[in-house]
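K.L.:
What follows is a structure written as structure tokens; I'll ask about it next.
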Amino acid sequence: MTIDIKPIDPVSRAFFAGVVSGIDLTRRLTDAEVAAIHAGMDRYGVLVFHNQQLSDDQQLAFSRQLGPLEQATGDIAAPQDRRMSMDLNDISNLDKHGEVLPRDDRRRLFGLGNQLWHSDSSFKDVPAKYSLLSARKIPPTGGNTEFADMRAAYDALDEATKREVHDLICAHSQVFSRGILGFDDFTEAERLKWVPVRQRLVRRHPGSGRLSLYLASHAGGIEGWPVPEARAFLRDLTEHATQRQFVYAHVWKPWDLVMWDNRATMHRARRYDPKEVRDMRRTTLTNEVSSLEQAP
């Protein structure tokens, strides 16, 4: 079959979130298929692949065809407690034995930060490019993932605000984002690991050429601004960017794989019953360069 990508909502969001057919991600892709996926990401920002029964090795192989991976260094699991290799992000509520984490487990409480709007790895000097999330087991209700189109959000700003945000630099840290939820159970080593990094508030996408807001719950300050003013402004921008007209909500099915471009989107997980299993595996492509090098 020939790879085909169509908008999920051709009426309301014809250029955000596409569904892909005619491709089997369990096998090695052709150069033409790889190019089509990159082009689809440039256009839609989010791509959905249904019924892709990938093993961890197959997910890694597919992801590496698209670009270099970053390591899964953004969680607080000790090496001896990890379920999988450092090339995979464990986006689940399970311990290494496959048991549901207790509700008050430190790892689970830290993971609740995924329910805040964010862009993956914006707390790293070199942030994420693509994220690829495979649904292995999902709860019967809840646990959806929402995506916000940060290109459309930028386009909808008034001209005065576009001028104001154009050259601003923000400070991103997971210590800040988890603090929003009241989580401050960090070791000194973790605080040093997640010292704030600098990211542009507006960046130009190298593939599409479009400008987008680069927001995340990790952003806790703006260079040269008083902290309360900066956080109030970032909160206003996030409320603007996550209006329903900019958001696609993905209702997971087993073996869905969803890709998104962190340079053009924000996302968040939604609540689900903490006693139910939600087992997801994420591979993440590094952006290779800082957002500071993607000036508008």
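Ordering of the structure tokens sets the chain letters (A, B, ...); residue numbers start at 1 within each chain; ligands are numbered from 1 in the order shown.
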Output as an NGL selection string all residues of segment 26-210 of chain A that backbone DSSP marks as alpha helix (DSSP H).

P.N.:
:A and (31-44 or 56-66 or 106-111 or 150-155 or 159-165 or 174-180 or 188-193)

K.L.:
Applying 6 Å and only C-alpha atoms, which residues near segment 34-46 of chain A remain after dropping the ones on its own chain fewer than 3 positions away? List them as a PDB file with C-alpha atoms, in the first residue's frame.

P.N.:
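Done, and the output landed in selection-v5.pdb:
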```pdb
ATOM      1  CA  PHE A  15      -3.613  21.382   9.246  1.00  0.00           C
ATOM      2  CA  PHE A  16      -3.225  19.894  12.746  1.00  0.00           C
ATOM      3  CA  ALA A  17      -3.149  16.182  13.634  1.00  0.00           C
ATOM      4  CA  GLY A  18      -3.180  13.648  10.815  1.00  0.00           C
ATOM      5  CA  ASP A  31      13.506   6.177   2.203  1.00  0.00           C
ATOM      6  CA  GLY A 207      10.956  22.282   8.188  1.00  0.00           C
ATOM      7  CA  SER A 208       7.830  24.373   7.738  1.00  0.00           C
ATOM      8  CA  MET A 259       4.109  11.025  17.144  1.00  0.00           C
ATOM      9  CA  TRP A 260       4.299  14.724  17.866  1.00  0.00           C
ATOM     10  CA  ASP A 261       6.744  17.500  17.105  1.00  0.00           C
TER      11      ASP A 261
END
```

K.L.:
Can you tell me, as a ChimeraX atom specification, what residues are no more than 9 Å from segment 270-282 of chain A when counting only C-alpha atoms, ignoring any on the same chain fewer than 4 positions away?

P.N.:
/A:56,59,87-94,99-103,112,114-116,131-146

K.L.:
Go ahead and write the residues just picked, C-alpha atoms, as a compact mmCIF listing (two decimals), in the first residue's frame.

P.N.:
```
# COMPACT_ATOMS: atom_id res chain seq x y z
CA ASP A 56 10.43 -2.30 22.22
CA GLN A 59 9.88 0.89 18.23
CA ASP A 87 16.61 4.56 25.14
CA LEU A 88 12.96 4.21 26.21
CA ASN A 89 10.90 6.46 28.43
CA ASP A 90 8.63 4.48 30.75
CA ILE A 91 5.37 6.44 30.61
CA SER A 92 3.45 4.14 32.92
CA ASN A 93 2.22 3.68 36.47
CA LEU A 94 4.10 0.38 36.90
CA GLU A 99 2.79 -3.94 39.49
CA VAL A 100 0.80 -0.72 39.78
CA LEU A 101 2.68 1.87 41.83
CA PRO A 102 1.08 2.82 45.15
CA ARG A 103 -0.84 6.08 44.96
CA LEU A 112 1.75 13.46 37.60
CA ASN A 114 2.78 14.86 32.72
CA GLN A 115 -0.78 16.08 33.32
CA LEU A 116 0.46 19.68 33.01
CA SER A 131 8.22 12.08 20.66
CA LEU A 132 6.78 8.66 19.71
CA LEU A 133 4.41 7.11 22.23
CA SER A 134 3.23 3.51 21.89
CA ALA A 135 0.14 2.35 23.82
CA ARG A 136 0.71 -1.17 25.14
CA LYS A 137 -2.07 -1.29 27.73
CA ILE A 138 -4.57 1.46 28.45
CA PRO A 139 -7.17 2.01 31.18
CA PRO A 140 -10.83 1.45 30.24
CA THR A 141 -11.61 5.16 30.68
CA GLY A 142 -9.56 8.34 30.92
CA GLY A 143 -5.87 8.69 30.21
CA ASN A 144 -6.32 10.56 26.92
CA THR A 145 -3.56 12.83 25.62
CA GLU A 146 -4.27 16.37 24.44
```

K.L.:
Compare A:Asp105, A:Ile23, A:Phe147, A:Phe123 by their minimum atom-to-atom distance to Arg244 of chain A, counting only C-alpha atoms, and give me the closest one.

P.N.:
A:Phe147

K.L.:
Taking only C-alpha atoms into account, which of A:Val247, A:Val227, A:Ala269, A:Val202 comes nearest Ala295 of chain A?

P.N.:
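Once distances to Ala295 of chain A are computed over only C-alpha atoms, the minimum belongs to A:Val202.
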
K.L.:
Select from segment 6-114 of chain A every residue with an atom at most 10 Å from any atom of segment 171-191 of chain A, then for each give the shortest pair of atoms and their distance in Å to one decimal, using only C-alpha atoms, rows by chain and rising number, as a tab-separated table.

P.N.:
```
residue	atom	partner	partner_atom	distance
A:Gly74	CA	A:Gln174	CA	8.4
A:Asp75	CA	A:Gln174	CA	9.6
A:Ile76	CA	A:Glu190	CA	8.0
A:Arg106	CA	A:Asp185	CA	7.8
A:Leu109	CA	A:Phe183	CA	7.3
A:Phe110	CA	A:Arg178	CA	6.8
A:Gly111	CA	A:Arg178	CA	8.9
A:Leu112	CA	A:Leu181	CA	8.2
A:Gly113	CA	A:Arg178	CA	5.8
A:Asn114	CA	A:Arg178	CA	9.4
```

K.L.:
Find the residue from A:Ala78, A:Ala72, A:Leu237, A:Leu257 that sits nearest to Gln53 of chain A; use only C-alpha atoms when measuring.

P.N.:
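Of A:Ala78, A:Ala72, A:Leu237, A:Leu257, the one nearest Gln53 of chain A, counting only C-alpha atoms, is A:Leu257.
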
K.L.:
Among segment 100-183 of chain A, which residues carry a DSSP assignment of strand (DSSP E or B), reported as a list in words?

P.N.:
Val100, His118, Ala128, Lys129, Tyr130, Ser131, Leu132, Leu133, Ser134, Ala135, Arg136, Lys137, Thr145, Glu146, Phe147, Ala148, Asp149, Ile169, Cys170, Ala171 and His172 of chain A

K.L.:
Which residues are close to Asp81 of chain A, i.e. within 9 Å by only C-alpha atoms, leaving aside same-chain residues fewer than 2 positions away? Reply as a list in words.

P.N.:
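Within the cut-off, the hits are Ala77, Ala78, Pro79, Arg83, Asp95 and Lys96 of chain A.
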
K.L.:
Pull N, CA and C atoms from the residues just selected and write them as a compact mmCIF listing (two decimals), in the first residue's frame.

P.N.:
```
# COMPACT_ATOMS: atom_id res chain seq x y z
N ALA A 77 13.47 7.62 38.44
CA ALA A 77 13.66 6.21 38.75
C ALA A 77 15.15 5.90 38.89
N ALA A 78 15.50 5.20 39.96
CA ALA A 78 16.88 4.76 40.12
C ALA A 78 17.20 3.69 39.08
N PRO A 79 18.46 3.59 38.65
CA PRO A 79 18.81 2.61 37.62
C PRO A 79 18.33 1.20 37.93
N ARG A 83 12.35 -0.36 34.29
CA ARG A 83 11.78 -1.52 33.59
C ARG A 83 12.42 -1.76 32.24
N ASP A 95 5.78 -0.54 38.41
CA ASP A 95 7.14 -0.74 38.88
C ASP A 95 7.84 -1.76 37.99
N LYS A 96 9.08 -2.11 38.32
CA LYS A 96 9.87 -3.00 37.44
C LYS A 96 9.32 -4.42 37.40
```

K.L.:
Name the closest residue to Gln199 of chain A among the candidates A:Ala156, A:Val251, A:Ala230, A:Val289; distances are taken between atoms, counting only C-alpha atoms.

P.N.:
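Going through A:Ala156, A:Val251, A:Ala230, A:Val289 one by one, the smallest distance to Gln199 of chain A is for A:Val289.
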
K.L.:
What does the distance between atom CA of His267 of chain A and atom CA of Ala148 of chain A come to in Å, to one decimal place?

P.N.:
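Pair atom CA of His267 of chain A / atom CA of Ala148 of chain A returns 6.1 Å.
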
K.L.:
What's the separation between atom CA of Ala14 of chain A and atom CA of Leu47 of chain A, in Å to one decimal place?

P.N.:
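Between atom CA of Ala14 of chain A and atom CA of Leu47 of chain A the gap works out to 12.8 Å.
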
K.L.:
Interatomic distance between atom CA of Thr284 of chain A and atom CA of His97 of chain A?

P.N.:
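Going from atom CA of Thr284 of chain A over to atom CA of His97 of chain A covers 23.9 Å.
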
K.L.:
With only C-alpha atoms as the counted atoms, please give the residues lying no more than 7 Å from His118 of chain A, apart from itself and same-chain residues fewer than 4 positions off, as a ChimeraX atom specification.

P.N.:
/A:215-218,266-268

K.L.:
Write the residues of the preceding selection, restricted to C-alpha atoms, as an mmCIF file, in the first residue's frame.

P.N.:
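Final output, result34.cif:
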```
data_model
loop_
_atom_site.group_PDB
_atom_site.id
_atom_site.type_symbol
_atom_site.label_atom_id
_atom_site.label_comp_id
_atom_site.auth_asym_id
_atom_site.auth_seq_id
_atom_site.Cartn_x
_atom_site.Cartn_y
_atom_site.Cartn_z
ATOM 1 C CA LEU A 215 5.760 27.117 26.157
ATOM 2 C CA ALA A 216 5.778 24.467 28.875
ATOM 3 C CA SER A 217 4.887 24.086 32.534
ATOM 4 C CA HIS A 218 8.667 23.842 32.997
ATOM 5 C CA MET A 266 2.446 21.195 23.679
ATOM 6 C CA HIS A 267 0.684 18.213 25.210
ATOM 7 C CA ARG A 268 -0.653 16.808 28.458
#
```

K.L.:
Pick out the closest residue to Arg263 of chain A from this set: A:His240, A:Arg151, A:Arg235, A:Lys162. Count only C-alpha atoms.

P.N.:
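Counting only C-alpha atoms, the residue closest to Arg263 of chain A is A:Arg151.
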